[in-house]
Amino acid sequence: MRSFIRDAAWSDAVALAVYLEAQRPDLPLEFFEAFRDTVTLLERSPHLGHRRPDLTDPRLTDVRCMKVERFPLHLLFYQIEADCVVVLRLLHGSRDLPAAIGEESLQ
């Protein structure tokens, strides 16, 4: 299976990398490696992630969630579309996730 990273997810990842760099200069590289490893794992086993009961919008019923390897507070939200894992967002688990995913992820 292949993968596609939506613009919103890339923006989330870049914003996180900027934040991480302020903590430790080598942390963004470590994060992007973990992000890549998690997406690769999902390409091989797309059903590893789970559905979230707090995503009650009917358009989000197929959205799955998986922790980023080595960064377990950060969650990848994705959908499986035909032969592709589509990564919608990358969000910190403490956020209001249904609101954060919102309309931008559904376009």
# chains A, B, ... in the order shown; residues from 1 in each chain; ligands from 1

$ select_by_dssp --residues "region 48-104 of chain A" --states "strand (DSSP E)" --output "list of chain:residue names"
A:His50, A:Arg51, A:Arg64, A:Cys65, A:Met66, A:Lys67, A:Val68, A:Phe71, A:Pro72, A:Leu73, A:His74, A:Leu75, A:Leu76, A:Phe77, A:Tyr78, A:Gln79, A:Ile80, A:Glu81, A:Cys84, A:Val85, A:Val86, A:Val87, A:Leu88, A:Arg89, A:Leu90, A:Leu91, A:His92

$ residues_around --residues "Val85 (chain A)" --least-positions-apart "6" --cutoff "7 Å" --atoms "only C-alpha atoms" --output "ChimeraX atom specification"
/A:2-4,43,46,78-79

$ closest_residue --among "A:Pro58, A:Arg52, A:Leu76, A:Val14" --to "Val39 (chain A)" --atoms "only C-alpha atoms"
A:Leu76

$ residues_around --residues "Met66 (chain A)" --least-positions-apart "3" --cutoff "7 Å" --atoms "only C-alpha atoms" --output "PyMOL selection string"
chain A and resi 49-50+75-77

$ write_last_selection --atoms "C-alpha atoms" --output "PDB file, in the first residue's frame"
ATOM      1  CA  GLY A  49      -4.657   2.215  14.079  1.00  0.00           C
ATOM      2  CA  HIS A  50      -7.970   2.386  15.854  1.00  0.00           C
ATOM      3  CA  LEU A  75      -1.145  11.027  17.014  1.00  0.00           C
ATOM      4  CA  LEU A  76      -1.471  10.433  13.291  1.00  0.00           C
ATOM      5  CA  PHE A  77      -5.029  10.617  12.013  1.00  0.00           C
TER       6      PHE A  77
END

$ residues_around --residues "His74 (chain A)" --least-positions-apart "4" --cutoff "8 Å" --atoms "only C-alpha atoms" --output "PyMOL selection string"
chain A and resi 67-68+90-93

$ closest_residue --among "A:Ile80, A:Leu48, A:Leu29, A:Met1" --to "Thr61 (chain A)" --atoms "only C-alpha atoms"
A:Ile80

$ select_by_dssp --residues "region 25-98 of chain A" --states "alpha helix (DSSP H)" --output "number ranges by chain"
A: 27-44, 97-98

$ write_last_selection --atoms "N, CA and C atoms" --output "mmCIF file, in the first residue's frame"
data_model
loop_
_atom_site.group_PDB
_atom_site.id
_atom_site.type_symbol
_atom_site.label_atom_id
_atom_site.label_comp_id
_atom_site.auth_asym_id
_atom_site.auth_seq_id
_atom_site.Cartn_x
_atom_site.Cartn_y
_atom_site.Cartn_z
ATOM 1 N N LEU A 27 16.396 16.974 17.783
ATOM 2 C CA LEU A 27 15.084 16.351 17.978
ATOM 3 C C LEU A 27 14.197 16.375 16.720
ATOM 4 N N PRO A 28 14.216 17.424 15.896
ATOM 5 C CA PRO A 28 13.385 17.374 14.682
ATOM 6 C C PRO A 28 13.737 16.212 13.757
ATOM 7 N N LEU A 29 15.019 15.927 13.595
ATOM 8 C CA LEU A 29 15.418 14.805 12.743
ATOM 9 C C LEU A 29 14.901 13.489 13.334
ATOM 10 N N GLU A 30 15.039 13.345 14.632
ATOM 11 C CA GLU A 30 14.534 12.145 15.306
ATOM 12 C C GLU A 30 13.022 12.023 15.108
ATOM 13 N N PHE A 31 12.325 13.148 15.222
ATOM 14 C CA PHE A 31 10.881 13.131 15.029
ATOM 15 C C PHE A 31 10.510 12.725 13.596
ATOM 16 N N PHE A 32 11.154 13.339 12.585
ATOM 17 C CA PHE A 32 10.796 13.017 11.203
ATOM 18 C C PHE A 32 11.108 11.563 10.867
ATOM 19 N N GLU A 33 12.147 11.001 11.467
ATOM 20 C CA GLU A 33 12.419 9.570 11.276
ATOM 21 C C GLU A 33 11.301 8.734 11.883
ATOM 22 N N ALA A 34 10.839 9.115 13.064
ATOM 23 C CA ALA A 34 9.745 8.401 13.718
ATOM 24 C C ALA A 34 8.441 8.539 12.920
ATOM 25 N N PHE A 35 8.193 9.737 12.400
ATOM 26 C CA PHE A 35 7.017 9.991 11.562
ATOM 27 C C PHE A 35 7.058 9.078 10.339
ATOM 28 N N ARG A 36 8.211 9.044 9.669
ATOM 29 C CA ARG A 36 8.378 8.181 8.489
ATOM 30 C C ARG A 36 8.176 6.716 8.852
ATOM 31 N N ASP A 37 8.769 6.282 9.965
ATOM 32 C CA ASP A 37 8.640 4.889 10.382
ATOM 33 C C ASP A 37 7.180 4.523 10.665
ATOM 34 N N THR A 38 6.444 5.436 11.267
ATOM 35 C CA THR A 38 5.039 5.176 11.575
ATOM 36 C C THR A 38 4.210 5.076 10.291
ATOM 37 N N VAL A 39 4.452 5.975 9.354
ATOM 38 C CA VAL A 39 3.723 5.919 8.074
ATOM 39 C C VAL A 39 4.079 4.633 7.322
ATOM 40 N N THR A 40 5.340 4.253 7.333
ATOM 41 C CA THR A 40 5.756 3.008 6.675
ATOM 42 C C THR A 40 5.064 1.807 7.310
ATOM 43 N N LEU A 41 4.969 1.796 8.625
ATOM 44 C CA LEU A 41 4.268 0.718 9.321
ATOM 45 C C LEU A 41 2.799 0.672 8.894
ATOM 46 N N LEU A 42 2.177 1.830 8.775
ATOM 47 C CA LEU A 42 0.777 1.878 8.342
ATOM 48 C C LEU A 42 0.614 1.438 6.892
ATOM 49 N N GLU A 43 1.597 1.710 6.057
ATOM 50 C CA GLU A 43 1.534 1.225 4.672
ATOM 51 C C GLU A 43 1.503 -0.303 4.640
ATOM 52 N N ARG A 44 2.263 -0.920 5.532
ATOM 53 C CA ARG A 44 2.316 -2.391 5.589
ATOM 54 C C ARG A 44 1.090 -2.980 6.291
ATOM 55 N N LEU A 97 -9.384 16.964 20.040
ATOM 56 C CA LEU A 97 -9.128 16.307 18.757
ATOM 57 C C LEU A 97 -10.272 16.431 17.755
ATOM 58 N N PRO A 98 -11.533 16.234 18.149
ATOM 59 C CA PRO A 98 -12.600 16.406 17.152
ATOM 60 C C PRO A 98 -12.609 17.803 16.538
#

$ closest_residue --among "A:Ser94, A:Ile101, A:Leu73, A:Arg89" --to "Arg6 (chain A)" --atoms "only C-alpha atoms"
A:Arg89

$ atom_distance --atom1 "CA of Val87 (chain A)" --atom2 "CA of Asp7 (chain A)"
9.2 Å

$ closest_residue --among "A:Pro53, A:Asp83, A:Leu16, A:Ala22" --to "Cys65 (chain A)" --atoms "only C-alpha atoms"
A:Pro53

$ atom_distance --atom1 "CA of Pro72 (chain A)" --atom2 "CA of Arg59 (chain A)"
25.8 Å

$ decode --residues "region 12-89 of chain A" --atoms "C-alpha atoms" --output "PDB file, in the first residue's frame"
ATOM      1  CA  ASP A  12       1.425  19.996  11.709  1.00  0.00           C
ATOM      2  CA  ALA A  13       4.724  18.107  11.373  1.00  0.00           C
ATOM      3  CA  VAL A  14       6.724  21.222  10.477  1.00  0.00           C
ATOM      4  CA  ALA A  15       5.208  23.192  13.365  1.00  0.00           C
ATOM      5  CA  LEU A  16       6.110  20.382  15.746  1.00  0.00           C
ATOM      6  CA  ALA A  17       9.665  20.220  14.370  1.00  0.00           C
ATOM      7  CA  VAL A  18      10.133  23.943  14.982  1.00  0.00           C
ATOM      8  CA  TYR A  19       8.905  23.505  18.547  1.00  0.00           C
ATOM      9  CA  LEU A  20      11.161  20.483  19.113  1.00  0.00           C
ATOM     10  CA  GLU A  21      14.228  22.255  17.754  1.00  0.00           C
ATOM     11  CA  ALA A  22      13.909  24.865  20.495  1.00  0.00           C
ATOM     12  CA  GLN A  23      14.165  22.033  23.026  1.00  0.00           C
ATOM     13  CA  ARG A  24      17.011  20.127  21.405  1.00  0.00           C
ATOM     14  CA  PRO A  25      18.546  20.789  17.949  1.00  0.00           C
ATOM     15  CA  ASP A  26      18.670  17.111  16.926  1.00  0.00           C
ATOM     16  CA  LEU A  27      15.084  16.351  17.978  1.00  0.00           C
ATOM     17  CA  PRO A  28      13.385  17.374  14.682  1.00  0.00           C
ATOM     18  CA  LEU A  29      15.418  14.805  12.743  1.00  0.00           C
ATOM     19  CA  GLU A  30      14.534  12.145  15.306  1.00  0.00           C
ATOM     20  CA  PHE A  31      10.881  13.131  15.029  1.00  0.00           C
ATOM     21  CA  PHE A  32      10.796  13.017  11.203  1.00  0.00           C
ATOM     22  CA  GLU A  33      12.419   9.570  11.276  1.00  0.00           C
ATOM     23  CA  ALA A  34       9.745   8.401  13.718  1.00  0.00           C
ATOM     24  CA  PHE A  35       7.017   9.991  11.562  1.00  0.00           C
ATOM     25  CA  ARG A  36       8.378   8.181   8.489  1.00  0.00           C
ATOM     26  CA  ASP A  37       8.640   4.889  10.382  1.00  0.00           C
ATOM     27  CA  THR A  38       5.039   5.176  11.575  1.00  0.00           C
ATOM     28  CA  VAL A  39       3.723   5.919   8.074  1.00  0.00           C
ATOM     29  CA  THR A  40       5.756   3.008   6.675  1.00  0.00           C
ATOM     30  CA  LEU A  41       4.268   0.718   9.321  1.00  0.00           C
ATOM     31  CA  LEU A  42       0.777   1.878   8.342  1.00  0.00           C
ATOM     32  CA  GLU A  43       1.534   1.225   4.672  1.00  0.00           C
ATOM     33  CA  ARG A  44       2.316  -2.391   5.589  1.00  0.00           C
ATOM     34  CA  SER A  45      -0.520  -2.794   8.121  1.00  0.00           C
ATOM     35  CA  PRO A  46      -3.099  -0.030   7.621  1.00  0.00           C
ATOM     36  CA  HIS A  47      -5.586  -1.432  10.130  1.00  0.00           C
ATOM     37  CA  LEU A  48      -3.171  -1.120  13.077  1.00  0.00           C
ATOM     38  CA  GLY A  49      -4.657   2.215  14.079  1.00  0.00           C
ATOM     39  CA  HIS A  50      -7.970   2.386  15.854  1.00  0.00           C
ATOM     40  CA  ARG A  51     -11.135   4.373  15.362  1.00  0.00           C
ATOM     41  CA  ARG A  52     -11.922   7.048  17.940  1.00  0.00           C
ATOM     42  CA  PRO A  53     -15.382   7.162  19.490  1.00  0.00           C
ATOM     43  CA  ASP A  54     -14.979  10.902  20.151  1.00  0.00           C
ATOM     44  CA  LEU A  55     -15.029  11.601  16.400  1.00  0.00           C
ATOM     45  CA  THR A  56     -18.796  11.676  16.089  1.00  0.00           C
ATOM     46  CA  ASP A  57     -19.118  13.526  12.767  1.00  0.00           C
ATOM     47  CA  PRO A  58     -20.427  10.894  10.316  1.00  0.00           C
ATOM     48  CA  ARG A  59     -17.775  11.955   7.806  1.00  0.00           C
ATOM     49  CA  LEU A  60     -15.075  10.920  10.288  1.00  0.00           C
ATOM     50  CA  THR A  61     -16.278   7.372  10.995  1.00  0.00           C
ATOM     51  CA  ASP A  62     -13.492   5.888   8.859  1.00  0.00           C
ATOM     52  CA  VAL A  63     -10.730   8.011  10.408  1.00  0.00           C
ATOM     53  CA  ARG A  64      -8.174   5.970  12.315  1.00  0.00           C
ATOM     54  CA  CYS A  65      -5.560   7.050  14.830  1.00  0.00           C
ATOM     55  CA  MET A  66      -2.082   5.801  15.667  1.00  0.00           C
ATOM     56  CA  LYS A  67       0.644   7.036  18.013  1.00  0.00           C
ATOM     57  CA  VAL A  68       3.854   8.200  16.362  1.00  0.00           C
ATOM     58  CA  GLU A  69       6.612   5.754  17.222  1.00  0.00           C
ATOM     59  CA  ARG A  70       8.954   7.167  19.902  1.00  0.00           C
ATOM     60  CA  PHE A  71       6.650  10.226  20.241  1.00  0.00           C
ATOM     61  CA  PRO A  72       3.588   8.614  21.847  1.00  0.00           C
ATOM     62  CA  LEU A  73       1.876  11.885  22.767  1.00  0.00           C
ATOM     63  CA  HIS A  74       1.541  12.718  19.063  1.00  0.00           C
ATOM     64  CA  LEU A  75      -1.145  11.027  17.014  1.00  0.00           C
ATOM     65  CA  LEU A  76      -1.471  10.433  13.291  1.00  0.00           C
ATOM     66  CA  PHE A  77      -5.029  10.617  12.013  1.00  0.00           C
ATOM     67  CA  TYR A  78      -5.552   8.816   8.729  1.00  0.00           C
ATOM     68  CA  GLN A  79      -8.024   7.133   6.425  1.00  0.00           C
ATOM     69  CA  ILE A  80      -7.639   4.093   4.229  1.00  0.00           C
ATOM     70  CA  GLU A  81      -8.727   4.901   0.680  1.00  0.00           C
ATOM     71  CA  ALA A  82      -8.512   2.035  -1.825  1.00  0.00           C
ATOM     72  CA  ASP A  83      -4.767   1.212  -1.889  1.00  0.00           C
ATOM     73  CA  CYS A  84      -3.606   4.322  -0.018  1.00  0.00           C
ATOM     74  CA  VAL A  85      -3.126   5.458   3.578  1.00  0.00           C
ATOM     75  CA  VAL A  86      -4.083   9.148   3.616  1.00  0.00           C
ATOM     76  CA  VAL A  87      -2.581  10.979   6.600  1.00  0.00           C
ATOM     77  CA  LEU A  88      -4.962  13.795   7.526  1.00  0.00           C
ATOM     78  CA  ARG A  89      -3.411  15.386  10.625  1.00  0.00           C
TER      79      ARG A  89
END
